[in-house]
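Colleague: First the structure, which I've put down as structure tokens, then a few questions once you've had a look.
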Amino acid sequence: MSAPLRLTHQPLDLSLRQPWTISRGTRRLAQNVLVRLHWREPGGREVEGLGEAAPYAYYGELRETVQACLDAFAGLLGDDPFALDAVLDALEGRLRHNPSAKAAVDMALHDLVGKLTERPLWQLWGLDPGRGPLTSFSIGLDEPEVMAEKARAAADYPLLKIKVGTDRDLENVRAVRAAAPGARLVVDANTAWTARQAVRMIRDLQPFDLLFVEQPVGARDLEGLRFVRERSAVPIIADESCATAEDVPALASCVDGVNVKLMKCGGLRAARRLIEVARAHHLSVMCGCLIESSLSITAASHLLPLLDYADLDGNLLLAADPFQGVLCDAGRLTLPRAPGLGVTSR
Ligand SMILES: [Mg+2]
């Protein structure tokens, strides 16, 4: 008889080095949750899988709701970590939504399976760790001179993602361009523009040769996305409009690509499904993140060989990162070779 999987969790407070501002507001602290799945092998070895939830009120979650979900999930885990699909289906059957709570358990299960088989996750999935895009580095909203300063500090990143959605976007992008003349630029409006405003802004930003524009209009405004895309020369990527694979069919004719996040879709299993569905609809795929430690950033980085674009920099904005895993050097991410997620405490 195998021992049951045991789940414990604790608060994981992540302070940001500098306040982080996007068009929706400013954050100084991420109130995440650390999950541990404990399992004793029939031979007696105790193995631990790690996961992280980054609840975000915009997607309907708080630390307290994550903790309540985890308590509800604790009795559904069974006694076999290799039965990952069945366990995750049981969580889906118990509670709808709550994606970051599910992502934390999903991540910890994947970590556990990798550690038990002594293989890194990318290898279990049959992926080539040398493939995959560079990650962008994100510049939050601020005064133009502060955004320029941040861009200078990130000068070795070949791709900078600039947050927009203010009345001085042009000035901000111009300041970043002057500070980082060699970088390729993307902008992310986080739903701030109307469709007509977006078309005008994207036209005004044409001299900056944007690689793509992320979520120009409201999350539910699919017709707005289509309107912008039909009138813009720059690819449009859906972020807030696309949480799970089920969102893809309706979006497919409105955008050029989707931004996958573990904390929106509910974990690695759901992310791989979302990527497959996006590919079937001829969409490009990027993977982004929220304010997260190297634990969940590393989990997401195992998807890197499947992506066109990566924006996995949430851990780089932290005052102190309690974990280490994926390494980032001038935007080049190196996947761990250690078993499972390949994450250790600092
Ligand atoms: Mg975004």
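For the structure tokens, the naming scheme is as follows: chains receive sequential letters (A, B, ...) according to their order of presentation, residues are indexed from 1 within each chain, and ligands are indexed from 1 in presentation order.
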Identify, counting only C-alpha atoms and all ligand atoms, the protein, DNA and RNA residues located within 9 Å of ligand 1, and give them as number ranges by chain.

Modeller: A: 163, 187-191, 214-215, 237-240, 259, 288-290, 311

Colleague: Select from stretch 122-231 of chain A everything DSSP, run on the backbone, classes as alpha helix (DSSP H), then give the selection as a short mmCIF file (atom, residue, chain, number, x, y, z; two decimals) with N, CA and C atoms, in the first residue's frame.

Modeller:
```cif
data_model
loop_
_atom_site.label_atom_id
_atom_site.label_comp_id
_atom_site.auth_asym_id
_atom_site.auth_seq_id
_atom_site.Cartn_x
_atom_site.Cartn_y
_atom_site.Cartn_z
N TRP A 122 11.63 18.96 -18.94
CA TRP A 122 11.72 19.10 -20.39
C TRP A 122 12.07 17.77 -21.05
N GLN A 123 12.87 16.94 -20.34
CA GLN A 123 13.26 15.66 -20.91
C GLN A 123 12.10 14.67 -20.88
N LEU A 124 11.32 14.70 -19.79
CA LEU A 124 10.13 13.83 -19.74
C LEU A 124 9.18 14.15 -20.88
N PRO A 144 8.93 59.34 -18.00
CA PRO A 144 9.76 58.92 -19.13
C PRO A 144 11.24 58.75 -18.77
N GLU A 145 11.76 59.68 -17.92
CA GLU A 145 13.20 59.56 -17.60
C GLU A 145 13.49 58.33 -16.75
N VAL A 146 12.50 57.93 -15.89
CA VAL A 146 12.69 56.72 -15.07
C VAL A 146 12.61 55.47 -15.96
N MET A 147 11.68 55.48 -16.92
CA MET A 147 11.58 54.34 -17.84
C MET A 147 12.85 54.23 -18.68
N ALA A 148 13.41 55.37 -19.06
CA ALA A 148 14.67 55.36 -19.82
C ALA A 148 15.80 54.79 -18.96
N GLU A 149 15.81 55.15 -17.70
CA GLU A 149 16.83 54.65 -16.78
C GLU A 149 16.73 53.13 -16.65
N LYS A 150 15.48 52.64 -16.53
CA LYS A 150 15.27 51.18 -16.43
C LYS A 150 15.74 50.50 -17.73
N ALA A 151 15.49 51.15 -18.85
CA ALA A 151 15.91 50.58 -20.13
C ALA A 151 17.44 50.54 -20.23
N ARG A 152 18.09 51.58 -19.74
CA ARG A 152 19.56 51.59 -19.76
C ARG A 152 20.10 50.45 -18.90
N ALA A 153 19.46 50.23 -17.73
CA ALA A 153 19.90 49.17 -16.82
C ALA A 153 19.70 47.78 -17.45
N ASP A 169 2.06 57.83 -23.77
CA ASP A 169 2.71 56.60 -24.24
C ASP A 169 3.83 56.87 -25.24
N LEU A 170 3.56 57.81 -26.15
CA LEU A 170 4.53 58.08 -27.21
C LEU A 170 5.84 58.59 -26.61
N GLU A 171 5.68 59.49 -25.65
CA GLU A 171 6.85 60.05 -24.97
C GLU A 171 7.63 58.95 -24.23
N ASN A 172 6.90 58.05 -23.57
CA ASN A 172 7.55 56.96 -22.83
C ASN A 172 8.32 56.03 -23.77
N VAL A 173 7.67 55.64 -24.87
CA VAL A 173 8.33 54.72 -25.80
C VAL A 173 9.54 55.40 -26.44
N ARG A 174 9.39 56.69 -26.74
CA ARG A 174 10.52 57.43 -27.32
C ARG A 174 11.71 57.47 -26.35
N ALA A 175 11.41 57.65 -25.05
CA ALA A 175 12.48 57.70 -24.04
C ALA A 175 13.20 56.35 -23.93
N VAL A 176 12.41 55.26 -23.98
CA VAL A 176 13.03 53.92 -23.91
C VAL A 176 13.86 53.66 -25.16
N ARG A 177 13.32 54.02 -26.31
CA ARG A 177 14.06 53.81 -27.57
C ARG A 177 15.40 54.56 -27.55
N ALA A 178 15.39 55.79 -27.04
CA ALA A 178 16.63 56.57 -27.00
C ALA A 178 17.63 55.95 -26.03
N ALA A 179 17.12 55.35 -24.94
CA ALA A 179 18.01 54.77 -23.93
C ALA A 179 18.53 53.40 -24.35
N ALA A 195 -10.57 50.54 -29.18
CA ALA A 195 -10.08 50.02 -30.46
C ALA A 195 -9.57 51.15 -31.37
N ARG A 196 -10.32 52.25 -31.44
CA ARG A 196 -9.90 53.36 -32.32
C ARG A 196 -8.61 54.00 -31.82
N GLN A 197 -8.54 54.16 -30.48
CA GLN A 197 -7.32 54.69 -29.87
C GLN A 197 -6.13 53.79 -30.20
N ALA A 198 -6.34 52.48 -30.11
CA ALA A 198 -5.26 51.53 -30.35
C ALA A 198 -4.74 51.65 -31.78
N VAL A 199 -5.65 51.76 -32.74
CA VAL A 199 -5.23 51.87 -34.15
C VAL A 199 -4.37 53.12 -34.33
N ARG A 200 -4.83 54.22 -33.71
CA ARG A 200 -4.09 55.48 -33.82
C ARG A 200 -2.72 55.36 -33.15
N MET A 201 -2.69 54.78 -31.94
CA MET A 201 -1.43 54.65 -31.20
C MET A 201 -0.45 53.77 -31.95
N ILE A 202 -0.95 52.64 -32.47
CA ILE A 202 -0.05 51.71 -33.16
C ILE A 202 0.53 52.38 -34.40
N ARG A 203 -0.29 53.23 -35.05
CA ARG A 203 0.21 53.97 -36.21
C ARG A 203 1.29 54.97 -35.76
N ASP A 204 1.04 55.65 -34.64
CA ASP A 204 2.02 56.62 -34.13
C ASP A 204 3.32 55.93 -33.69
N LEU A 222 -13.55 41.15 -28.14
CA LEU A 222 -12.91 40.42 -29.24
C LEU A 222 -13.09 41.15 -30.57
N GLU A 223 -14.26 41.80 -30.74
CA GLU A 223 -14.46 42.56 -31.98
C GLU A 223 -13.48 43.73 -32.04
N GLY A 224 -13.18 44.31 -30.89
CA GLY A 224 -12.17 45.37 -30.81
C GLY A 224 -10.80 44.86 -31.23
N LEU A 225 -10.45 43.66 -30.77
CA LEU A 225 -9.16 43.07 -31.16
C LEU A 225 -9.11 42.88 -32.67
N ARG A 226 -10.23 42.38 -33.23
CA ARG A 226 -10.28 42.15 -34.68
C ARG A 226 -10.16 43.49 -35.44
N PHE A 227 -10.87 44.50 -34.94
CA PHE A 227 -10.84 45.83 -35.55
C PHE A 227 -9.40 46.36 -35.59
N VAL A 228 -8.69 46.23 -34.46
CA VAL A 228 -7.30 46.73 -34.37
C VAL A 228 -6.40 45.93 -35.31
N ARG A 229 -6.57 44.61 -35.29
CA ARG A 229 -5.69 43.76 -36.09
C ARG A 229 -5.86 44.05 -37.59
N GLU A 230 -7.12 44.26 -38.01
CA GLU A 230 -7.36 44.49 -39.44
C GLU A 230 -6.81 45.82 -39.91
#
```

Colleague: Using only C-alpha atoms, which residues sit within 12 Å of stretch 244-256 of chain A once same-chain residues fewer than 5 positions away are excluded, as a ChimeraX atom specification?

Modeller: /A:97,99,211-217,219-239,261-286,308

Colleague: Using only C-alpha atoms for the distances, tell me which of A:Ala183, A:Ala155, A:Ile291, A:Leu95 is nearest to A:Ala30.

Modeller: A:Ile291

Colleague: Find the spatial neighbours of A:Pro129, counting only C-alpha atoms, within a cut-off of 12 Å - ignore same-chain residues fewer than 4 positions away - and output them as a ChimeraX atom specification.

Modeller: /A:120-125,133,301-307,326,332-337

Colleague: Name all residues at most 10 Å from stretch 59-72 of chain A (count only C-alpha atoms; drop same-chain ones fewer than 4 positions away) and give them as a PyMOL selection string.

Modeller: chain A and resi 7-12+30-35+53-55+76+91+94-95+97-102+104-105+240+243+263-264

Colleague: So which bits of stretch 14-153 of chain A end up strand (DSSP E or B) when you DSSP the backbone, as a PDB file with N, CA, C and O atoms, in the first residue's frame?

Modeller:
```
ATOM      1  N   LEU A  14       6.538  38.164  -1.677  1.00  0.00           N
ATOM      2  CA  LEU A  14       7.613  38.578  -2.582  1.00  0.00           C
ATOM      3  C   LEU A  14       7.588  40.101  -2.726  1.00  0.00           C
ATOM      4  O   LEU A  14       6.651  40.654  -3.303  1.00  0.00           O
ATOM      5  N   SER A  15       8.602  40.762  -2.192  1.00  0.00           N
ATOM      6  CA  SER A  15       8.700  42.219  -2.333  1.00  0.00           C
ATOM      7  C   SER A  15       9.399  42.559  -3.634  1.00  0.00           C
ATOM      8  O   SER A  15      10.364  41.900  -4.010  1.00  0.00           O
ATOM      9  N   LEU A  16       8.902  43.615  -4.261  1.00  0.00           N
ATOM     10  CA  LEU A  16       9.523  44.054  -5.515  1.00  0.00           C
ATOM     11  C   LEU A  16      10.646  45.044  -5.220  1.00  0.00           C
ATOM     12  O   LEU A  16      10.571  45.816  -4.264  1.00  0.00           O
ATOM     13  N   ARG A  17      11.657  45.001  -6.062  1.00  0.00           N
ATOM     14  CA  ARG A  17      12.778  45.936  -5.892  1.00  0.00           C
ATOM     15  C   ARG A  17      12.291  47.375  -6.043  1.00  0.00           C
ATOM     16  O   ARG A  17      12.691  48.253  -5.322  1.00  0.00           O
ATOM     17  N   GLN A  18      11.399  47.585  -7.023  1.00  0.00           N
ATOM     18  CA  GLN A  18      10.787  48.901  -7.235  1.00  0.00           C
ATOM     19  C   GLN A  18       9.288  48.671  -7.425  1.00  0.00           C
ATOM     20  O   GLN A  18       8.893  47.596  -7.882  1.00  0.00           O
ATOM     21  N   PRO A  19       8.450  49.665  -7.090  1.00  0.00           N
ATOM     22  CA  PRO A  19       7.010  49.492  -7.349  1.00  0.00           C
ATOM     23  C   PRO A  19       6.790  49.132  -8.832  1.00  0.00           C
ATOM     24  O   PRO A  19       7.501  49.641  -9.702  1.00  0.00           O
ATOM     25  N   TRP A  20       5.836  48.254  -9.081  1.00  0.00           N
ATOM     26  CA  TRP A  20       5.570  47.757 -10.434  1.00  0.00           C
ATOM     27  C   TRP A  20       4.230  48.309 -10.909  1.00  0.00           C
ATOM     28  O   TRP A  20       3.189  48.013 -10.344  1.00  0.00           O
ATOM     29  N   THR A  21       4.252  49.151 -11.941  1.00  0.00           N
ATOM     30  CA  THR A  21       3.033  49.816 -12.393  1.00  0.00           C
ATOM     31  C   THR A  21       2.702  49.427 -13.821  1.00  0.00           C
ATOM     32  O   THR A  21       3.559  49.465 -14.707  1.00  0.00           O
ATOM     33  N   ILE A  22       1.421  49.023 -14.013  1.00  0.00           N
ATOM     34  CA  ILE A  22       0.885  48.833 -15.360  1.00  0.00           C
ATOM     35  C   ILE A  22      -0.381  49.681 -15.431  1.00  0.00           C
ATOM     36  O   ILE A  22      -0.714  50.372 -14.471  1.00  0.00           O
ATOM     37  N   GLY A  25      -2.752  49.548 -12.374  1.00  0.00           N
ATOM     38  CA  GLY A  25      -2.379  49.958 -11.026  1.00  0.00           C
ATOM     39  C   GLY A  25      -0.959  49.566 -10.659  1.00  0.00           C
ATOM     40  O   GLY A  25      -0.213  49.037 -11.494  1.00  0.00           O
ATOM     41  N   THR A  26      -0.619  49.822  -9.376  1.00  0.00           N
ATOM     42  CA  THR A  26       0.757  49.611  -8.898  1.00  0.00           C
ATOM     43  C   THR A  26       0.786  48.515  -7.851  1.00  0.00           C
ATOM     44  O   THR A  26      -0.099  48.426  -7.010  1.00  0.00           O
ATOM     45  N   ARG A  27       1.825  47.676  -7.909  1.00  0.00           N
ATOM     46  CA  ARG A  27       2.026  46.641  -6.879  1.00  0.00           C
ATOM     47  C   ARG A  27       3.424  46.773  -6.287  1.00  0.00           C
ATOM     48  O   ARG A  27       4.376  47.087  -6.995  1.00  0.00           O
ATOM     49  N   ARG A  28       3.524  46.525  -4.989  1.00  0.00           N
ATOM     50  CA  ARG A  28       4.820  46.559  -4.307  1.00  0.00           C
ATOM     51  C   ARG A  28       5.178  45.196  -3.730  1.00  0.00           C
ATOM     52  O   ARG A  28       6.320  44.932  -3.414  1.00  0.00           O
ATOM     53  N   LEU A  29       4.132  44.366  -3.572  1.00  0.00           N
ATOM     54  CA  LEU A  29       4.300  43.075  -2.906  1.00  0.00           C
ATOM     55  C   LEU A  29       3.396  42.065  -3.606  1.00  0.00           C
ATOM     56  O   LEU A  29       2.252  42.386  -3.917  1.00  0.00           O
ATOM     57  N   ALA A  30       3.908  40.885  -3.853  1.00  0.00           N
ATOM     58  CA  ALA A  30       3.055  39.801  -4.343  1.00  0.00           C
ATOM     59  C   ALA A  30       2.831  38.833  -3.195  1.00  0.00           C
ATOM     60  O   ALA A  30       3.797  38.337  -2.599  1.00  0.00           O
ATOM     61  N   GLN A  31       1.559  38.579  -2.883  1.00  0.00           N
ATOM     62  CA  GLN A  31       1.235  37.669  -1.776  1.00  0.00           C
ATOM     63  C   GLN A  31       0.967  36.279  -2.350  1.00  0.00           C
ATOM     64  O   GLN A  31      -0.179  35.877  -2.511  1.00  0.00           O
ATOM     65  N   ASN A  32       2.051  35.574  -2.653  1.00  0.00           N
ATOM     66  CA  ASN A  32       1.953  34.258  -3.276  1.00  0.00           C
ATOM     67  C   ASN A  32       1.861  33.169  -2.216  1.00  0.00           C
ATOM     68  O   ASN A  32       1.899  33.447  -1.014  1.00  0.00           O
ATOM     69  N   VAL A  33       1.723  31.940  -2.678  1.00  0.00           N
ATOM     70  CA  VAL A  33       1.613  30.795  -1.760  1.00  0.00           C
ATOM     71  C   VAL A  33       2.545  29.695  -2.248  1.00  0.00           C
ATOM     72  O   VAL A  33       2.572  29.372  -3.442  1.00  0.00           O
ATOM     73  N   LEU A  34       3.311  29.137  -1.317  1.00  0.00           N
ATOM     74  CA  LEU A  34       4.217  28.026  -1.620  1.00  0.00           C
ATOM     75  C   LEU A  34       3.532  26.718  -1.248  1.00  0.00           C
ATOM     76  O   LEU A  34       2.984  26.595  -0.142  1.00  0.00           O
ATOM     77  N   VAL A  35       3.560  25.760  -2.180  1.00  0.00           N
ATOM     78  CA  VAL A  35       2.938  24.448  -1.951  1.00  0.00           C
ATOM     79  C   VAL A  35       4.017  23.371  -1.928  1.00  0.00           C
ATOM     80  O   VAL A  35       4.933  23.385  -2.756  1.00  0.00           O
ATOM     81  N   ARG A  36       3.895  22.463  -0.978  1.00  0.00           N
ATOM     82  CA  ARG A  36       4.765  21.281  -0.956  1.00  0.00           C
ATOM     83  C   ARG A  36       3.887  20.038  -1.001  1.00  0.00           C
ATOM     84  O   ARG A  36       2.922  19.940  -0.237  1.00  0.00           O
ATOM     85  N   LEU A  37       4.235  19.123  -1.913  1.00  0.00           N
ATOM     86  CA  LEU A  37       3.573  17.803  -1.934  1.00  0.00           C
ATOM     87  C   LEU A  37       4.578  16.789  -1.416  1.00  0.00           C
ATOM     88  O   LEU A  37       5.673  16.660  -1.969  1.00  0.00           O
ATOM     89  N   HIS A  38       4.214  16.107  -0.368  1.00  0.00           N
ATOM     90  CA  HIS A  38       5.113  15.132   0.253  1.00  0.00           C
ATOM     91  C   HIS A  38       4.621  13.728  -0.110  1.00  0.00           C
ATOM     92  O   HIS A  38       3.425  13.448  -0.026  1.00  0.00           O
ATOM     93  N   TRP A  39       5.574  12.877  -0.481  1.00  0.00           N
ATOM     94  CA  TRP A  39       5.198  11.495  -0.800  1.00  0.00           C
ATOM     95  C   TRP A  39       6.300  10.542  -0.351  1.00  0.00           C
ATOM     96  O   TRP A  39       7.486  10.813  -0.604  1.00  0.00           O
ATOM     97  N   ARG A  40       5.889   9.472   0.290  1.00  0.00           N
ATOM     98  CA  ARG A  40       6.858   8.447   0.689  1.00  0.00           C
ATOM     99  C   ARG A  40       6.766   7.297  -0.302  1.00  0.00           C
ATOM    100  O   ARG A  40       5.702   6.685  -0.453  1.00  0.00           O
ATOM    101  N   GLU A  46      11.480   9.592   1.134  1.00  0.00           N
ATOM    102  CA  GLU A  46      10.497  10.689   1.159  1.00  0.00           C
ATOM    103  C   GLU A  46      10.901  11.714   0.094  1.00  0.00           C
ATOM    104  O   GLU A  46      12.036  12.194   0.070  1.00  0.00           O
ATOM    105  N   VAL A  47       9.985  12.012  -0.822  1.00  0.00           N
ATOM    106  CA  VAL A  47      10.267  12.953  -1.907  1.00  0.00           C
ATOM    107  C   VAL A  47       9.271  14.103  -1.807  1.00  0.00           C
ATOM    108  O   VAL A  47       8.118  13.906  -1.430  1.00  0.00           O
ATOM    109  N   GLU A  48       9.760  15.329  -2.183  1.00  0.00           N
ATOM    110  CA  GLU A  48       8.919  16.525  -2.043  1.00  0.00           C
ATOM    111  C   GLU A  48       8.835  17.257  -3.381  1.00  0.00           C
ATOM    112  O   GLU A  48       9.850  17.511  -4.015  1.00  0.00           O
ATOM    113  N   GLY A  49       7.620  17.576  -3.802  1.00  0.00           N
ATOM    114  CA  GLY A  49       7.421  18.392  -5.008  1.00  0.00           C
ATOM    115  C   GLY A  49       7.011  19.804  -4.605  1.00  0.00           C
ATOM    116  O   GLY A  49       6.239  19.971  -3.661  1.00  0.00           O
ATOM    117  N   LEU A  50       7.527  20.800  -5.337  1.00  0.00           N
ATOM    118  CA  LEU A  50       7.266  22.204  -4.988  1.00  0.00           C
ATOM    119  C   LEU A  50       6.379  22.876  -6.035  1.00  0.00           C
ATOM    120  O   LEU A  50       6.513  22.623  -7.240  1.00  0.00           O
ATOM    121  N   GLY A  51       5.504  23.750  -5.570  1.00  0.00           N
ATOM    122  CA  GLY A  51       4.674  24.538  -6.485  1.00  0.00           C
ATOM    123  C   GLY A  51       4.423  25.920  -5.905  1.00  0.00           C
ATOM    124  O   GLY A  51       4.591  26.143  -4.706  1.00  0.00           O
ATOM    125  N   GLU A  52       4.033  26.846  -6.772  1.00  0.00           N
ATOM    126  CA  GLU A  52       3.782  28.218  -6.329  1.00  0.00           C
ATOM    127  C   GLU A  52       2.490  28.716  -6.958  1.00  0.00           C
ATOM    128  O   GLU A  52       2.247  28.501  -8.149  1.00  0.00           O
ATOM    129  N   ALA A  53       1.680  29.402  -6.151  1.00  0.00           N
ATOM    130  CA  ALA A  53       0.500  30.102  -6.669  1.00  0.00           C
ATOM    131  C   ALA A  53       0.757  31.596  -6.582  1.00  0.00           C
ATOM    132  O   ALA A  53       1.240  32.086  -5.561  1.00  0.00           O
ATOM    133  N   PRO A 120      14.818  15.788 -15.684  1.00  0.00           N
ATOM    134  CA  PRO A 120      14.221  17.133 -15.757  1.00  0.00           C
ATOM    135  C   PRO A 120      12.924  17.084 -16.572  1.00  0.00           C
ATOM    136  O   PRO A 120      12.773  16.244 -17.466  1.00  0.00           O
ATOM    137  N   THR A 135      13.974  35.672 -23.589  1.00  0.00           N
ATOM    138  CA  THR A 135      12.907  36.343 -22.858  1.00  0.00           C
ATOM    139  C   THR A 135      13.067  37.856 -23.003  1.00  0.00           C
ATOM    140  O   THR A 135      14.183  38.378 -23.096  1.00  0.00           O
ATOM    141  N   PHE A 137      12.501  41.678 -21.361  1.00  0.00           N
ATOM    142  CA  PHE A 137      12.551  42.289 -20.029  1.00  0.00           C
ATOM    143  C   PHE A 137      11.523  43.408 -20.019  1.00  0.00           C
ATOM    144  O   PHE A 137      11.462  44.219 -20.954  1.00  0.00           O
ATOM    145  N   SER A 138      10.696  43.463 -18.962  1.00  0.00           N
ATOM    146  CA  SER A 138       9.561  44.393 -18.956  1.00  0.00           C
ATOM    147  C   SER A 138       9.899  45.683 -18.221  1.00  0.00           C
ATOM    148  O   SER A 138      10.518  45.662 -17.157  1.00  0.00           O
ATOM    149  N   ILE A 139       9.449  46.791 -18.797  1.00  0.00           N
ATOM    150  CA  ILE A 139       9.648  48.112 -18.209  1.00  0.00           C
ATOM    151  C   ILE A 139       8.270  48.631 -17.789  1.00  0.00           C
ATOM    152  O   ILE A 139       7.429  48.903 -18.644  1.00  0.00           O
TER     153      ILE A 139
END
```

Colleague: Report the distance between atom CA of A:Gly325 and atom CA of A:Cys287 in Å, rounded to one decimal place.

Modeller: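 If I compute the distance from atom CA of A:Gly325 to atom CA of A:Cys287, I get 17.2 Å.
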
Colleague: Distance atom CA of A:Glu41-atom CA of A:Val113, one decimal place?

Modeller: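 Atom CA of A:Val113 lies 11.5 Å from atom CA of A:Glu41.
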
Colleague: What does the structure give for the distance between atom CA of A:Leu205 and atom CA of A:Ala330, in Å to one decimal?

Modeller: 25.2 Å
